[in-house]
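Below is one structure, written out as structure tokens, with a few remarks after it.
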Amino acid sequence: MLVVAIVLALLATLLTTQYLKSREQSLAQQMAAKANQGGPKISVVVPVRDLPIGTPLDGNLVAEREVQVDLLYPEAIKAEDFDKYKGQSLIRPIYRGRPLLTTDLRPLYVDFAGTLTPGTRAMTIDIDELNSIAHMVQPGNRIDLMLVMKRDDGGQTVVPFMDQMKVLATGQKLIQDTGEDKATPQAQAQRARNASYANVTLEVTPVQAARLALAMDIGKMRAVLRNESDKNNADFSVNAQNIFDEVAERQRVAQARAPKHSIAAGTVEYIVGGNRAGPAAKAVDVPTTTSGPASNAIPPLIPNPAYRGGAPAPGPAPSGSASPPPPAASGPSGGGSTFDSAGLTPDMRNALKNMLDKSN
């Protein structure tokens, strides 16, 4: 019985081992099948360890790794293209095993001309703090250029000149600032040097370069920052007359909505410069100086706008109004003010004269 037990134990061990091997092969085949269902793969470059900012790429720091094509960013560096990026430094930290992207690297060129796409040119224009949007324009941004030029009649006109112009450099800075390198003293020093600039370099075609050179002699350039994803362009023409017309229209609407002017009791309204609704009208309420009852109040008079001094000429009395009262005699027993031929007291005439002098 002991021998039989030993034989059965050995047999069970053998069968268990064979089962585990077959199960392992089956799982491997299932995993391979699932991997093949995910689509084709491609070899990309991945770091073998975490790399900090500023690390120059070297063959000992990276390895190849197969990754499904549909899981990769377009900027992923293929293993076959790695030689093009050797020696370039990292502008952000990268982590082990993750595909390396071209945007993780600082471009390395022999000179600035090597950055230009064939068929394009680089052109530098002067810029100030206002035109640089307080120095917030960075390389890679898109700007619109507006041309401010003089018209034949002496006025000025603003028209759109060039849209969606790519900024290649601000001063001598070729890449945008990143938030990861603030702690490094070298990065802080470089950031301070690039904080202000007096010119920007734009990517242009040869025709655009010629137009831009001529436009800078015709008038002034104004740069307007735009969102890079915004592809809509505006067509407009603005001059000083447009602005004046808009301001005048707003004033007219405001006056139409404002409550109408009412004359206070015991006052006389004088309107200078036309009727009350005219653009140059100016109304002043002059208090009357009478000792009699309110029924002796003087009706409104409309003086001649060409008046320069003396008594104003009275206008026609409003329909339904009473005629002006006769001048009151002055004297110890009169107790009232003297009215002239126009029905004005000296105080009223002086107030009206001062008002007319100011308006002229």
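Naming works like this for the structure tokens: A, B, ... for the chains as they're shown, residue 1 at the start of each chain, ligands 1 onward in shown order.
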
Note to self: Write out as a PyMOL selection string the set of residues from region 10-192 of chain A that DSSP, computed on the backbone, places in strand (DSSP E).
What the structure shows: chain A and resi 41-47+62-68+121-126+142-150+156-170

Next item on the list: Per DSSP on the backbone, filter region 61-241 of chain A down to the residues in helix (DSSP H, G or I) and report them as number ranges by chain.
Entry: A: 61, 69-71, 79-85, 102-104, 112-115, 185-193, 206-218, 240-241

Notebook entry, point to check: CA of Val3 (chain A) and CA of Leu20 (chain A), how far apart in Å?
Noted result: 26.0 Å

Margin query: Which residues are close to Lys220 (chain A), i.e. within 10 Å by only C-alpha atoms, leaving aside same-chain residues fewer than 5 positions away? Reply as number ranges by chain.
Written below: A: 145-150, 158, 215

Checklist line | Nearest to Ala76 (chain A), chosen from A:Met136, A:Pro93, A:Leu105, A:Asp50, with only C-alpha atoms counted in the distances | finding: A:Leu105

Check: When distances are computed from only C-alpha atoms, which of A:Arg349, A:Arg106, A:Lys166, A:Arg92 shows the smallest separation from Thr124 (chain A)?
Finding: A:Lys166

Item checked: Length of the CA of Pro40 (chain A) to CA of Leu57 (chain A) vector [Å] -> 27.4 Å

Note to self: List as a ChimeraX atom specification the protein and nucleic acid residues near Pro206 (chain A), meaning an atom at most 10 Å away when only C-alpha atoms are counted, but skip any in the same chain fewer than 5 places from it.
What the structure shows: /A:119-123,211-212
